[in-house]
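Engineer: Take this structure first; my questions come after.
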Amino acid sequence: MGPLQTFRHITMTWLSPVIKQTFGYGAAISFIVIILVFRAFTSRDEKTQPLAYNHKSHIDNASLTCTDCHVTVESSPSATIPSLEVCSTCHSDQPISESGEEKKLLEFVAKGTSIPWQRAYSVPDHVYFSHRRHVTKGGLDCKVCHGEVKELITPVSTQFLPTTMENCMKCHREQNVTNDCLSCHR
(Lines give C-alpha, C1' and ligand atoms only; values in the text may rest on other atoms or scores of the structure.)
Protein backbone atom coordinates (compact mmCIF):
# COMPACT_ATOMS: atom_id res chain seq x y z
CA MET A 1 0.00 0.00 0.00
CA GLY A 2 1.46 3.33 -1.09
CA PRO A 3 1.57 6.52 1.03
CA LEU A 4 -1.62 7.92 -0.49
CA GLN A 5 -3.49 4.68 0.09
CA THR A 6 -2.16 4.51 3.67
CA PHE A 7 -3.25 8.10 4.32
CA ARG A 8 -6.68 7.40 2.80
CA HIS A 9 -7.01 4.23 4.92
CA ILE A 10 -6.14 6.12 8.11
CA THR A 11 -8.54 8.89 7.16
CA MET A 12 -11.38 6.46 6.49
CA THR A 13 -10.75 4.33 9.56
CA TRP A 14 -10.04 6.94 12.23
CA LEU A 15 -12.33 9.78 11.37
CA SER A 16 -15.81 9.71 12.73
CA PRO A 17 -18.40 8.96 10.04
CA VAL A 18 -20.29 12.03 11.26
CA ILE A 19 -17.35 14.32 10.38
CA LYS A 20 -16.97 12.67 6.99
CA GLN A 21 -20.68 12.95 6.22
CA THR A 22 -21.05 16.47 7.58
CA PHE A 23 -17.94 18.12 6.16
CA GLY A 24 -16.80 15.80 3.38
CA TYR A 25 -13.46 14.19 2.80
CA GLY A 26 -11.63 17.40 1.91
CA ALA A 27 -12.36 18.88 5.32
CA ALA A 28 -11.47 15.62 7.02
CA ILE A 29 -8.11 15.46 5.25
CA SER A 30 -7.48 19.14 6.03
CA PHE A 31 -8.25 18.45 9.68
CA ILE A 32 -5.70 15.63 9.82
CA VAL A 33 -3.05 17.76 8.10
CA ILE A 34 -3.63 20.56 10.60
CA ILE A 35 -3.25 18.10 13.51
CA LEU A 36 -0.03 16.66 12.06
CA VAL A 37 1.47 20.12 11.46
CA PHE A 38 0.48 21.23 14.97
CA ARG A 39 2.10 18.14 16.51
CA ALA A 40 5.26 18.64 14.45
CA PHE A 41 5.70 22.21 15.73
CA THR A 42 4.65 21.62 19.32
CA SER A 43 6.24 18.26 20.07
CA ARG A 44 9.21 18.33 22.35
CA ASP A 45 12.37 16.71 21.11
CA GLU A 46 12.94 14.26 23.94
CA LYS A 47 16.51 13.06 24.44
CA THR A 48 17.60 9.77 25.94
CA GLN A 49 20.48 10.34 28.31
CA PRO A 50 23.24 7.76 28.87
CA LEU A 51 22.91 7.93 32.67
CA ALA A 52 19.83 8.40 34.83
CA TYR A 53 21.36 11.42 36.54
CA ASN A 54 19.49 12.53 39.66
CA HIS A 55 19.84 16.30 40.18
CA LYS A 56 17.84 16.21 43.43
CA SER A 57 20.15 13.65 45.03
CA HIS A 58 23.30 15.58 44.09
CA ILE A 59 21.86 18.89 45.33
CA ASP A 60 20.35 17.52 48.55
CA ASN A 61 23.03 14.97 49.50
CA ALA A 62 26.22 16.51 48.14
CA SER A 63 25.17 20.19 48.42
CA LEU A 64 26.11 20.84 44.80
CA THR A 65 24.98 23.95 42.93
CA CYS A 66 24.35 24.40 39.20
CA THR A 67 27.81 25.91 38.71
CA ASP A 68 29.61 23.03 40.41
CA CYS A 69 28.86 20.85 37.37
CA HIS A 70 28.00 23.40 34.69
CA VAL A 71 31.26 25.22 35.28
CA THR A 72 31.23 27.84 32.50
CA VAL A 73 27.72 29.22 33.03
CA GLU A 74 28.99 32.38 34.73
CA SER A 75 32.14 32.88 32.68
CA SER A 76 31.35 31.89 29.11
CA PRO A 77 28.69 32.53 26.51
CA SER A 78 28.04 28.80 26.35
CA ALA A 79 26.99 26.57 29.21
CA THR A 80 28.66 23.21 29.38
CA ILE A 81 27.32 19.75 29.87
CA PRO A 82 29.40 18.23 32.68
CA SER A 83 32.55 16.58 31.43
CA LEU A 84 34.07 13.37 32.70
CA GLU A 85 36.64 15.48 34.58
CA VAL A 86 33.87 17.25 36.48
CA CYS A 87 32.16 13.98 37.42
CA SER A 88 35.43 12.30 38.39
CA THR A 89 36.10 15.07 40.90
CA CYS A 90 33.76 13.15 43.24
CA HIS A 91 33.44 9.80 41.47
CA SER A 92 36.82 8.19 40.88
CA ASP A 93 37.45 4.47 41.20
CA GLN A 94 35.25 3.45 44.13
CA PRO A 95 31.48 3.94 44.30
CA ILE A 96 30.21 6.25 47.02
CA SER A 97 26.66 4.90 46.77
CA GLU A 98 24.76 1.76 45.86
CA SER A 99 23.46 3.32 42.64
CA GLY A 100 23.62 1.27 39.47
CA GLU A 101 23.93 4.53 37.58
CA GLU A 102 27.06 5.40 39.52
CA LYS A 103 28.52 2.05 38.49
CA LYS A 104 27.86 3.00 34.85
CA LEU A 105 29.55 6.36 35.48
CA LEU A 106 32.59 4.63 36.98
CA GLU A 107 32.89 2.58 33.78
CA PHE A 108 33.21 5.83 31.81
CA VAL A 109 35.80 7.04 34.35
CA ALA A 110 37.79 3.78 34.17
CA LYS A 111 37.83 3.85 30.36
CA GLY A 112 38.50 7.59 30.24
CA THR A 113 35.74 8.03 27.68
CA SER A 114 33.42 11.01 27.54
CA ILE A 115 29.86 10.59 28.72
CA PRO A 116 27.68 10.95 25.60
CA TRP A 117 25.20 13.39 27.13
CA GLN A 118 22.55 14.61 24.72
CA ARG A 119 22.08 18.38 24.66
CA ALA A 120 18.43 19.20 25.42
CA TYR A 121 18.78 22.97 24.97
CA SER A 122 20.00 24.69 21.84
CA VAL A 123 19.39 27.83 19.85
CA PRO A 124 19.44 28.21 16.05
CA ASP A 125 22.77 29.07 14.45
CA HIS A 126 21.63 32.60 13.62
CA VAL A 127 20.88 33.36 17.28
CA TYR A 128 23.49 34.56 19.74
CA PHE A 129 22.76 33.56 23.32
CA SER A 130 25.15 34.12 26.23
CA HIS A 131 24.68 32.30 29.51
CA ARG A 132 27.20 34.66 31.11
CA ARG A 133 25.17 37.70 30.08
CA HIS A 134 21.90 36.22 31.35
CA VAL A 135 23.22 34.73 34.60
CA THR A 136 25.98 37.12 35.68
CA LYS A 137 24.94 40.45 34.20
CA GLY A 138 21.18 39.81 34.07
CA GLY A 139 21.04 38.04 37.42
CA LEU A 140 18.61 35.41 36.14
CA ASP A 141 18.17 32.32 38.25
CA CYS A 142 18.66 29.07 36.32
CA LYS A 143 15.08 28.02 37.06
CA VAL A 144 13.67 30.87 34.93
CA CYS A 145 14.59 28.92 31.79
CA HIS A 146 15.32 25.45 33.15
CA GLY A 147 12.58 25.00 35.75
CA GLU A 148 12.99 23.43 39.18
CA VAL A 149 15.96 21.28 38.19
CA LYS A 150 16.81 20.82 41.86
CA GLU A 151 13.70 18.61 42.12
CA LEU A 152 14.50 16.41 39.11
CA ILE A 153 15.14 12.76 39.89
CA THR A 154 15.55 11.93 36.21
CA PRO A 155 17.97 13.52 33.74
CA VAL A 156 16.95 16.48 31.62
CA SER A 157 15.49 15.09 28.41
CA THR A 158 13.41 18.02 27.12
CA GLN A 159 13.44 21.77 27.38
CA PHE A 160 11.46 23.17 30.31
CA LEU A 161 10.96 26.43 28.45
CA PRO A 162 11.39 26.00 24.70
CA THR A 163 13.95 28.41 23.27
CA THR A 164 11.63 30.25 20.95
CA MET A 165 11.75 33.88 19.90
CA GLU A 166 8.35 34.37 21.51
CA ASN A 167 9.58 33.11 24.91
CA CYS A 168 12.79 35.14 24.74
CA MET A 169 11.02 38.35 23.75
CA LYS A 170 8.41 37.87 26.48
CA CYS A 171 11.14 37.55 29.10
CA HIS A 172 13.01 40.55 27.68
CA ARG A 173 9.82 42.65 27.95
CA GLU A 174 9.21 41.46 31.53
CA GLN A 175 12.82 42.21 32.51
CA ASN A 176 12.83 45.55 30.66
CA VAL A 177 15.66 44.40 28.38
CA THR A 178 16.06 45.38 24.73
CA ASN A 179 14.22 43.43 22.06
CA ASP A 180 16.35 44.97 19.32
CA CYS A 181 16.84 42.31 16.64
CA LEU A 182 20.62 42.75 16.46
CA SER A 183 21.03 42.03 20.16
CA CYS A 184 20.38 38.34 19.53
CA HIS A 185 20.44 37.84 15.76
CA ARG A 186 23.91 38.06 14.26
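Chain labels follow the order of the C-alpha coordinates: the first chain is A, the next B, and so on; residue numbering restarts at 1 in every chain, and ligands are counted from 1 in their shown order.
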Write out as a PyMOL selection string which residues come within 8 Å of region 169-184 of chain A when counting only C-alpha atoms, dropping same-chain ones fewer than 5 positions away.

Structural biologist: chain A and resi 127-129

Engineer: For the contact check between region 108-152 of chain A and region 74-86 of chain A, emit one row per residue of region 108-152 of chain A within 9 Å, containing the shortest atom pair and the distance in Å rounded to one decimal, counting only C-alpha atoms, chain then rising number order, as JSON lines.

Structural biologist:
{"residue": "A:Phe108", "atom": "CA", "partner": "A:Leu84", "partner_atom": "CA", "distance": 7.6}
{"residue": "A:Val109", "atom": "CA", "partner": "A:Leu84", "partner_atom": "CA", "distance": 6.8}
{"residue": "A:Gly112", "atom": "CA", "partner": "A:Leu84", "partner_atom": "CA", "distance": 7.7}
{"residue": "A:Thr113", "atom": "CA", "partner": "A:Leu84", "partner_atom": "CA", "distance": 7.5}
{"residue": "A:Ser114", "atom": "CA", "partner": "A:Leu84", "partner_atom": "CA", "distance": 5.7}
{"residue": "A:Ile115", "atom": "CA", "partner": "A:Leu84", "partner_atom": "CA", "distance": 6.4}
{"residue": "A:Trp117", "atom": "CA", "partner": "A:Ile81", "partner_atom": "CA", "distance": 7.2}
{"residue": "A:Gln118", "atom": "CA", "partner": "A:Ile81", "partner_atom": "CA", "distance": 8.7}
{"residue": "A:Arg119", "atom": "CA", "partner": "A:Ile81", "partner_atom": "CA", "distance": 7.5}
{"residue": "A:Tyr128", "atom": "CA", "partner": "A:Pro77", "partner_atom": "CA", "distance": 8.8}
{"residue": "A:Phe129", "atom": "CA", "partner": "A:Pro77", "partner_atom": "CA", "distance": 6.8}
{"residue": "A:Ser130", "atom": "CA", "partner": "A:Pro77", "partner_atom": "CA", "distance": 3.9}
{"residue": "A:His131", "atom": "CA", "partner": "A:Pro77", "partner_atom": "CA", "distance": 5.0}
{"residue": "A:Arg132", "atom": "CA", "partner": "A:Glu74", "partner_atom": "CA", "distance": 4.6}
{"residue": "A:Arg133", "atom": "CA", "partner": "A:Pro77", "partner_atom": "CA", "distance": 7.2}
{"residue": "A:His134", "atom": "CA", "partner": "A:Glu74", "partner_atom": "CA", "distance": 8.7}
{"residue": "A:Val135", "atom": "CA", "partner": "A:Glu74", "partner_atom": "CA", "distance": 6.2}
{"residue": "A:Thr136", "atom": "CA", "partner": "A:Glu74", "partner_atom": "CA", "distance": 5.7}

Engineer: Taking all heavy atoms for each residue, export the selection above as a short mmCIF file (atom, residue, chain, number, x, y, z; two decimals), in the first residue's frame.

Structural biologist:
data_model
loop_
_atom_site.label_atom_id
_atom_site.label_comp_id
_atom_site.auth_asym_id
_atom_site.auth_seq_id
_atom_site.Cartn_x
_atom_site.Cartn_y
_atom_site.Cartn_z
N PHE A 108 32.72 4.74 32.65
CA PHE A 108 33.21 5.83 31.81
C PHE A 108 34.53 6.37 32.37
O PHE A 108 35.47 6.63 31.63
CB PHE A 108 32.19 6.97 31.72
CG PHE A 108 31.02 6.69 30.84
CD1 PHE A 108 29.77 6.46 31.39
CD2 PHE A 108 31.15 6.67 29.45
CE1 PHE A 108 28.67 6.21 30.58
CE2 PHE A 108 30.06 6.43 28.63
CZ PHE A 108 28.81 6.19 29.20
N VAL A 109 34.59 6.53 33.70
CA VAL A 109 35.80 7.04 34.35
C VAL A 109 36.96 6.08 34.12
O VAL A 109 38.06 6.50 33.75
CB VAL A 109 35.56 7.28 35.87
CG1 VAL A 109 36.86 7.61 36.58
CG2 VAL A 109 34.53 8.38 36.08
N GLY A 112 38.08 6.25 30.65
CA GLY A 112 38.50 7.59 30.24
C GLY A 112 37.74 8.10 29.03
O GLY A 112 38.25 8.94 28.29
N THR A 113 36.54 7.59 28.83
CA THR A 113 35.74 8.03 27.68
C THR A 113 34.68 9.04 28.12
O THR A 113 34.15 8.96 29.22
CB THR A 113 35.03 6.83 27.01
OG1 THR A 113 34.22 6.15 27.96
CG2 THR A 113 36.03 5.86 26.42
N SER A 114 34.41 9.97 27.24
CA SER A 114 33.42 11.01 27.54
C SER A 114 32.04 10.40 27.69
O SER A 114 31.70 9.43 27.02
CB SER A 114 33.38 12.04 26.41
OG SER A 114 34.60 12.70 26.30
N ILE A 115 31.25 11.01 28.55
CA ILE A 115 29.86 10.59 28.72
C ILE A 115 29.08 11.21 27.55
O ILE A 115 29.12 12.42 27.37
CB ILE A 115 29.30 11.08 30.06
CG1 ILE A 115 30.17 10.58 31.20
CG2 ILE A 115 27.85 10.64 30.23
CD1 ILE A 115 29.91 11.29 32.53
N TRP A 117 26.42 12.66 26.78
CA TRP A 117 25.20 13.39 27.13
C TRP A 117 24.57 13.96 25.86
O TRP A 117 25.28 14.38 24.96
CB TRP A 117 25.50 14.55 28.08
CG TRP A 117 26.04 14.17 29.42
CD1 TRP A 117 27.29 14.42 29.90
CD2 TRP A 117 25.35 13.48 30.47
NE1 TRP A 117 27.42 13.94 31.17
CE2 TRP A 117 26.24 13.35 31.55
CE3 TRP A 117 24.07 12.95 30.58
CZ2 TRP A 117 25.89 12.72 32.74
CZ3 TRP A 117 23.72 12.32 31.77
CH2 TRP A 117 24.62 12.21 32.83
N GLN A 118 23.28 14.02 25.84
CA GLN A 118 22.55 14.61 24.72
C GLN A 118 22.08 16.00 25.12
O GLN A 118 21.39 16.15 26.13
CB GLN A 118 21.33 13.74 24.36
CG GLN A 118 21.69 12.32 23.97
CD GLN A 118 22.53 12.28 22.72
OE1 GLN A 118 22.16 12.86 21.70
NE2 GLN A 118 23.67 11.62 22.79
N ARG A 119 22.45 16.99 24.36
CA ARG A 119 22.08 18.38 24.66
C ARG A 119 20.58 18.55 24.46
O ARG A 119 20.06 18.30 23.37
CB ARG A 119 22.87 19.34 23.78
CG ARG A 119 22.64 20.79 24.14
CD ARG A 119 23.55 21.72 23.34
NE ARG A 119 24.95 21.59 23.69
CZ ARG A 119 25.51 22.18 24.74
NH1 ARG A 119 24.79 22.91 25.54
NH2 ARG A 119 26.79 22.02 25.00
N TYR A 128 22.41 34.48 18.76
CA TYR A 128 23.49 34.56 19.74
C TYR A 128 22.86 34.57 21.13
O TYR A 128 22.01 35.41 21.43
CB TYR A 128 24.32 35.83 19.54
CG TYR A 128 25.36 35.99 20.62
CD1 TYR A 128 26.51 35.21 20.61
CD2 TYR A 128 25.18 36.89 21.65
CE1 TYR A 128 27.46 35.33 21.60
CE2 TYR A 128 26.13 37.03 22.65
CZ TYR A 128 27.26 36.24 22.62
OH TYR A 128 28.19 36.36 23.61
N PHE A 129 23.25 33.63 21.95
CA PHE A 129 22.76 33.56 23.32
C PHE A 129 23.95 33.39 24.24
O PHE A 129 24.80 32.52 24.02
CB PHE A 129 21.81 32.36 23.51
CG PHE A 129 21.36 32.21 24.93
CD1 PHE A 129 20.26 32.91 25.39
CD2 PHE A 129 22.03 31.38 25.81
CE1 PHE A 129 19.84 32.79 26.71
CE2 PHE A 129 21.63 31.25 27.13
CZ PHE A 129 20.53 31.96 27.57
N SER A 130 24.04 34.19 25.28
CA SER A 130 25.15 34.12 26.23
C SER A 130 24.63 33.80 27.61
O SER A 130 23.87 34.57 28.20
CB SER A 130 25.90 35.45 26.27
OG SER A 130 26.82 35.46 27.34
N HIS A 131 25.04 32.63 28.14
CA HIS A 131 24.68 32.30 29.51
C HIS A 131 25.27 33.32 30.48
O HIS A 131 24.63 33.74 31.42
CB HIS A 131 25.15 30.89 29.89
CG HIS A 131 24.10 29.86 29.69
ND1 HIS A 131 23.96 29.19 28.52
CD2 HIS A 131 23.14 29.41 30.53
CE1 HIS A 131 22.95 28.35 28.63
NE2 HIS A 131 22.42 28.46 29.83
N ARG A 132 26.53 33.69 30.23
CA ARG A 132 27.20 34.66 31.11
C ARG A 132 26.38 35.94 31.22
O ARG A 132 26.13 36.44 32.31
CB ARG A 132 28.61 34.97 30.60
CG ARG A 132 29.32 36.04 31.42
CD ARG A 132 30.68 36.43 30.86
NE ARG A 132 30.56 36.85 29.48
CZ ARG A 132 31.36 36.44 28.49
NH1 ARG A 132 32.34 35.61 28.74
NH2 ARG A 132 31.19 36.86 27.27
N ARG A 133 25.93 36.45 30.08
CA ARG A 133 25.17 37.70 30.08
C ARG A 133 23.86 37.54 30.86
O ARG A 133 23.48 38.42 31.62
CB ARG A 133 24.87 38.13 28.65
CG ARG A 133 24.08 39.42 28.59
CD ARG A 133 23.84 39.88 27.18
NE ARG A 133 25.11 40.31 26.60
CZ ARG A 133 25.32 40.45 25.30
NH1 ARG A 133 24.36 40.20 24.46
NH2 ARG A 133 26.48 40.86 24.86
N HIS A 134 23.19 36.42 30.69
CA HIS A 134 21.90 36.22 31.35
C HIS A 134 22.04 35.94 32.84
O HIS A 134 21.26 36.41 33.66
CB HIS A 134 21.12 35.08 30.67
CG HIS A 134 20.55 35.48 29.34
ND1 HIS A 134 21.32 35.52 28.20
CD2 HIS A 134 19.30 35.87 29.00
CE1 HIS A 134 20.56 35.91 27.19
NE2 HIS A 134 19.33 36.13 27.65
N VAL A 135 23.06 35.14 33.20
CA VAL A 135 23.22 34.73 34.60
C VAL A 135 23.98 35.76 35.41
O VAL A 135 23.53 36.17 36.49
CB VAL A 135 23.93 33.35 34.68
CG1 VAL A 135 24.23 32.96 36.11
CG2 VAL A 135 23.08 32.28 34.00
N THR A 136 25.14 36.19 34.92
CA THR A 136 25.98 37.12 35.68
C THR A 136 25.49 38.56 35.58
O THR A 136 25.22 39.20 36.59
CB THR A 136 27.44 37.03 35.20
OG1 THR A 136 27.86 35.66 35.28
CG2 THR A 136 28.35 37.86 36.07
#

Engineer: What parts of region 101-135 of chain A does DSSP call alpha helix (DSSP H)? I'd like the answer as a VMD selection string.

Structural biologist: chain A and resid 101 to 111 131 to 132

Engineer: Just give me the gap between CA of Cys66 (chain A) and CA of Ala120 (chain A) in Å, one decimal is fine.

Structural biologist: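 CA of Cys66 (chain A) sits 15.9 Å away from CA of Ala120 (chain A).
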
Engineer: Would you please work out which residue, of A:Ser157, A:Thr72, A:Thr163, A:Thr67, is nearest to Glu46 (chain A) when using only C-alpha atoms?

Structural biologist: A:Ser157

Engineer: Just want the 10 Å neighbourhood of Leu106 (chain A), counted on only C-alpha atoms, with same-chain residues fewer than 4 positions away dropped. Output as a ChimeraX atom specification.

Structural biologist: /A:84,87-88,91-95,100-102,110-112

Engineer: Using only C-alpha atoms, which of the listed residues (A:Ala52, A:Asn61, A:His126, A:Val73) sits closest to Lys103 (chain A)?

Structural biologist: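 Using only C-alpha atoms, Lys103 (chain A) sits closest to A:Ala52.
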